[in-house]
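Undergrad: Below is one structure. I have some questions about it.
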Amino acid sequence: AAFFAILVWAVGGKKGLYSLGGLVFSFVVIFRFIIPRILAKADPVSTGIWGAILILIVAIYVSYGFNRKSLSALIGIVITLVFVGLFSNFVVQFLHFSGCSGEESVYLNSQTQGSVSVVGILIAGIIIAALGVLDDIAVTQASAVFSLASVNEKLRGSRLVKKAMEVGKDHISAVINTLVLAYTGAALPLLLLLTVNQFPVSFTINGEIIAEEIVRTLISSSGLVLAVPITTLIAAFFVPKNISEHPDFEGHTH
């Protein structure tokens with residue numbers, strides 16, 4: 001942990017330290033707000049969404065300051081998070097997931113005597129997991145819009161959106177690949193075990209423990225794809241006419 005903190009500070013400077021502060025705050029929200037509320041029988045889905053938004057507000061403003069660019073990213077992510085929450089709730093209910101695919105979920109259900117919704121926890125987990133990827137792509141996309149606008153003062157409206165989307169499409173292809181590989185790497189021992197035992201593919205992908213990971217990946221990726229055009233449109237709307245003379249261009253706070 002110390003090595004990681006020093007590395008972030010050495011490469012990222014003050015912004016790196018601000019990011020570490022945002023990371024610490026994220027853990028505080030998870031362990032002091034999200035988990036206690038779920039254990040207190042609050043709705044896990046709404047708790048996950050509100051917790052994610054709270055993490056998001058502090059993480060973005062601590063790292064990038066109070067400006068139009070960070071506001072564009074924030075609005076884009078919040079809209080996408082609502083979509084991820086509603087969509088994941090629909091898919092999980094439609095596929096009749098029990099939420100008890102892993103030993104931890106089964107043990108938790110036993111310890112709480114079913115008073116905590118393990119299905120709701122599954123949905124909340126999808127929302128929180130999607131937040132990290134959305135944060136990255138939305139901030140990058142908002143930054144691309146403002147950078148393009150600063151280079152060419154005449155680049156506004158639909159032309160600006162079109163140019164920024166060219167950057168966004170490249171980012172989508174790269175991040176989706178990263179996301180899929182990350183989930184695959186986490187499930188690699190299980191995939192090897194299923195392959196060794198020569199289970200049929202139809203059996204493997206319909207087992208809840210694998211199906212959950214597939215759904216998690218597809219929903220997060222869907223949110224990621226949706227975040228690009230949403231954030232691009234919002235950022236293009238917030239771009240001032242004389243961006244080079246605007247205080248937000250340099251990232252100053254109001």
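Ligands are numbered from 1 in the order shown, chains are lettered A, B, ... in the order of the structure tokens, and residues start at 1 in each chain.
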Skip Thr232 (chain A) itself and residues of its chain fewer than 6 positions away, then list as a list in words all residues within 10 Å of it, counting only C-alpha atoms.

TA: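 Near Thr232 (chain A), the qualifying residues are Ser72, Ala73, Gly76, Ala138, Gln141, Ala142, Ser143, Ala144, Val145, Phe146, Leu160, Val161, Lys162, Lys163, Ala164, Met165, Gly168 and Phe238 of chain A.
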
Undergrad: Counting only C-alpha atoms, figure out which residue out of A:Ile60, A:Leu226, A:Leu86, A:Cys100 gets nearest to Ala124 (chain A).

TA: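 Nearest to Ala124 (chain A): A:Leu86.
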
Undergrad: Which residue is closest to Phe94 (chain A)? Choose from A:Pro240, A:Gly125, A:Val119, A:Ser70 and count only C-alpha atoms.

TA: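 Looking only at the distances to Phe94 (chain A), the closest residue turns out to be A:Val119.
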
Undergrad: Could you give me the residues within region 7-211 of chain A that DSSP places in helix (DSSP H, G or I), as a VMD selection string?

TA: chain A and resid 7 to 39 44 to 64 68 to 94 103 to 111 118 to 151 157 to 186 188 to 196 201 to 206 208 to 211

Undergrad: Restricting the calculation to only C-alpha atoms: of A:Val116, A:Ile205, A:Ala227, A:Leu56, which residue gets closest to Thr80 (chain A)?

TA: A:Ala227

Undergrad: Between A:Leu95, A:Ile57, A:Ala187, A:Ala40, which has the minimum distance to Ile210 (chain A) (counting only C-alpha atoms)?

TA: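 Looking at the shortest contact to Ile210 (chain A), the residue is A:Ala187.
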
Undergrad: What does the structure give for the distance between CA of Ala149 (chain A) and CA of Lys241 (chain A), in Å to one decimal?

TA: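 These two atoms are separated by 8.9 Å.
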
Undergrad: Which is closest to Arg68 (chain A) among A:Trp50, A:Val139, A:Pro229, A:Ala130, if we use only C-alpha atoms?

TA: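 The answer is A:Val139, which sits nearest to Arg68 (chain A).
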
Undergrad: How many Å lie between CA of Thr140 (chain A) and CA of Gly22 (chain A), rounded to one decimal?

TA: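 Going from CA of Thr140 (chain A) over to CA of Gly22 (chain A) covers 17.2 Å.
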
Undergrad: Name the residues in contact with Leu17 (chain A) at a cut-off of 12 Å, using only C-alpha atoms, excluding same-chain residues fewer than 2 positions from it; report them as an mmCIF file with N, CA, C and O atoms, in the first residue's frame.

TA:
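around.cif was written with the following content:
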data_model
loop_
_atom_site.group_PDB
_atom_site.id
_atom_site.type_symbol
_atom_site.label_atom_id
_atom_site.label_comp_id
_atom_site.auth_asym_id
_atom_site.auth_seq_id
_atom_site.Cartn_x
_atom_site.Cartn_y
_atom_site.Cartn_z
ATOM 1 N N PHE A 4 2.409 1.668 -3.420
ATOM 2 C CA PHE A 4 1.407 2.158 -4.364
ATOM 3 C C PHE A 4 1.172 3.658 -4.182
ATOM 4 O O PHE A 4 1.120 4.418 -5.157
ATOM 5 N N ALA A 5 1.061 4.103 -2.932
ATOM 6 C CA ALA A 5 0.827 5.519 -2.645
ATOM 7 C C ALA A 5 2.003 6.379 -3.124
ATOM 8 O O ALA A 5 1.803 7.443 -3.715
ATOM 9 N N ILE A 6 3.224 5.908 -2.872
ATOM 10 C CA ILE A 6 4.422 6.642 -3.307
ATOM 11 C C ILE A 6 4.482 6.705 -4.828
ATOM 12 O O ILE A 6 4.818 7.743 -5.419
ATOM 13 N N LEU A 7 4.145 5.602 -5.479
ATOM 14 C CA LEU A 7 4.167 5.553 -6.945
ATOM 15 C C LEU A 7 3.153 6.529 -7.540
ATOM 16 O O LEU A 7 3.461 7.260 -8.491
ATOM 17 N N VAL A 8 1.945 6.554 -6.968
ATOM 18 C CA VAL A 8 0.908 7.468 -7.447
ATOM 19 C C VAL A 8 1.342 8.920 -7.255
ATOM 20 O O VAL A 8 1.160 9.764 -8.135
ATOM 21 N N TRP A 9 1.938 9.210 -6.090
ATOM 22 C CA TRP A 9 2.401 10.578 -5.820
ATOM 23 C C TRP A 9 3.544 10.977 -6.752
ATOM 24 O O TRP A 9 3.564 12.097 -7.271
ATOM 25 N N ALA A 10 4.484 10.052 -7.005
ATOM 26 C CA ALA A 10 5.643 10.349 -7.843
ATOM 27 C C ALA A 10 5.238 10.626 -9.289
ATOM 28 O O ALA A 10 5.780 11.517 -9.950
ATOM 29 N N VAL A 11 4.278 9.866 -9.791
ATOM 30 C CA VAL A 11 3.859 10.010 -11.190
ATOM 31 C C VAL A 11 2.756 11.048 -11.338
ATOM 32 O O VAL A 11 2.780 11.876 -12.254
ATOM 33 N N GLY A 12 1.776 11.031 -10.435
ATOM 34 C CA GLY A 12 0.598 11.895 -10.570
ATOM 35 C C GLY A 12 0.683 13.220 -9.847
ATOM 36 O O GLY A 12 -0.150 14.096 -10.075
ATOM 37 N N GLY A 13 1.685 13.391 -8.961
ATOM 38 C CA GLY A 13 1.819 14.645 -8.231
ATOM 39 C C GLY A 13 0.620 14.911 -7.333
ATOM 40 O O GLY A 13 0.062 14.003 -6.722
ATOM 41 N N LYS A 14 0.197 16.177 -7.286
ATOM 42 C CA LYS A 14 -0.941 16.554 -6.428
ATOM 43 C C LYS A 14 -2.228 15.854 -6.839
ATOM 44 O O LYS A 14 -3.024 15.434 -5.994
ATOM 45 N N LYS A 15 -2.420 15.718 -8.155
ATOM 46 C CA LYS A 15 -3.637 15.038 -8.624
ATOM 47 C C LYS A 15 -3.657 13.580 -8.171
ATOM 48 O O LYS A 15 -4.713 13.027 -7.870
ATOM 49 N N SER A 19 -6.438 11.821 -5.850
ATOM 50 C CA SER A 19 -7.095 10.560 -6.229
ATOM 51 C C SER A 19 -7.051 9.552 -5.082
ATOM 52 O O SER A 19 -8.025 8.825 -4.845
ATOM 53 N N LEU A 20 -5.931 9.511 -4.369
ATOM 54 C CA LEU A 20 -5.830 8.619 -3.206
ATOM 55 C C LEU A 20 -6.829 9.029 -2.129
ATOM 56 O O LEU A 20 -7.431 8.179 -1.473
ATOM 57 N N GLY A 21 -7.008 10.352 -1.963
ATOM 58 C CA GLY A 21 -8.007 10.829 -1.011
ATOM 59 C C GLY A 21 -9.406 10.396 -1.408
ATOM 60 O O GLY A 21 -10.205 9.983 -0.560
ATOM 61 N N GLY A 22 -9.689 10.455 -2.711
ATOM 62 C CA GLY A 22 -10.984 9.993 -3.209
ATOM 63 C C GLY A 22 -11.172 8.501 -2.996
ATOM 64 O O GLY A 22 -12.272 8.042 -2.679
ATOM 65 N N LEU A 23 -10.083 7.736 -3.144
ATOM 66 C CA LEU A 23 -10.136 6.289 -2.933
ATOM 67 C C LEU A 23 -10.463 5.962 -1.479
ATOM 68 O O LEU A 23 -11.286 5.085 -1.184
ATOM 69 N N VAL A 24 -9.812 6.670 -0.562
ATOM 70 C CA VAL A 24 -10.076 6.463 0.874
ATOM 71 C C VAL A 24 -11.533 6.782 1.191
ATOM 72 O O VAL A 24 -12.207 6.037 1.919
ATOM 73 N N ALA A 59 -15.171 11.918 -5.515
ATOM 74 C CA ALA A 59 -14.029 11.457 -6.308
ATOM 75 C C ALA A 59 -13.744 12.383 -7.485
ATOM 76 O O ALA A 59 -12.593 12.745 -7.744
ATOM 77 N N VAL A 62 -12.790 16.089 -6.107
ATOM 78 C CA VAL A 62 -11.482 16.103 -5.443
ATOM 79 C C VAL A 62 -10.368 15.967 -6.476
ATOM 80 O O VAL A 62 -9.321 16.617 -6.387
ATOM 81 N N SER A 63 -10.573 15.115 -7.468
ATOM 82 C CA SER A 63 -9.537 14.849 -8.465
ATOM 83 C C SER A 63 -9.463 15.922 -9.548
ATOM 84 O O SER A 63 -8.368 16.253 -10.023
ATOM 85 N N TYR A 64 -10.618 16.479 -9.952
ATOM 86 C CA TYR A 64 -10.630 17.344 -11.130
ATOM 87 C C TYR A 64 -11.119 18.766 -10.859
ATOM 88 O O TYR A 64 -11.104 19.599 -11.765
#

Undergrad: Within 12 Å of Gly207 (chain A), counting only C-alpha atoms, which residues qualify if same-chain residues fewer than 3 places away don't, as a VMD selection string?

TA: chain A and resid 95 to 98 100 to 102 190 to 191 194 199 to 204 210 to 215

Undergrad: I need the residue nearest Thr231 (chain A) from this list: A:Ile77, A:Gly185, A:Thr217, A:Ile127. Use only C-alpha atoms for the distance.

TA: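 Closest residue, counting only C-alpha atoms: A:Ile77.
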
Undergrad: For the atom pair CA of Tyr61 (chain A) and CA of Ile234 (chain A), what is the interatomic distance in Å to one decimal place?

TA: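 Taking CA of Tyr61 (chain A) as the start and CA of Ile234 (chain A) as the end point, the length is 17.1 Å.
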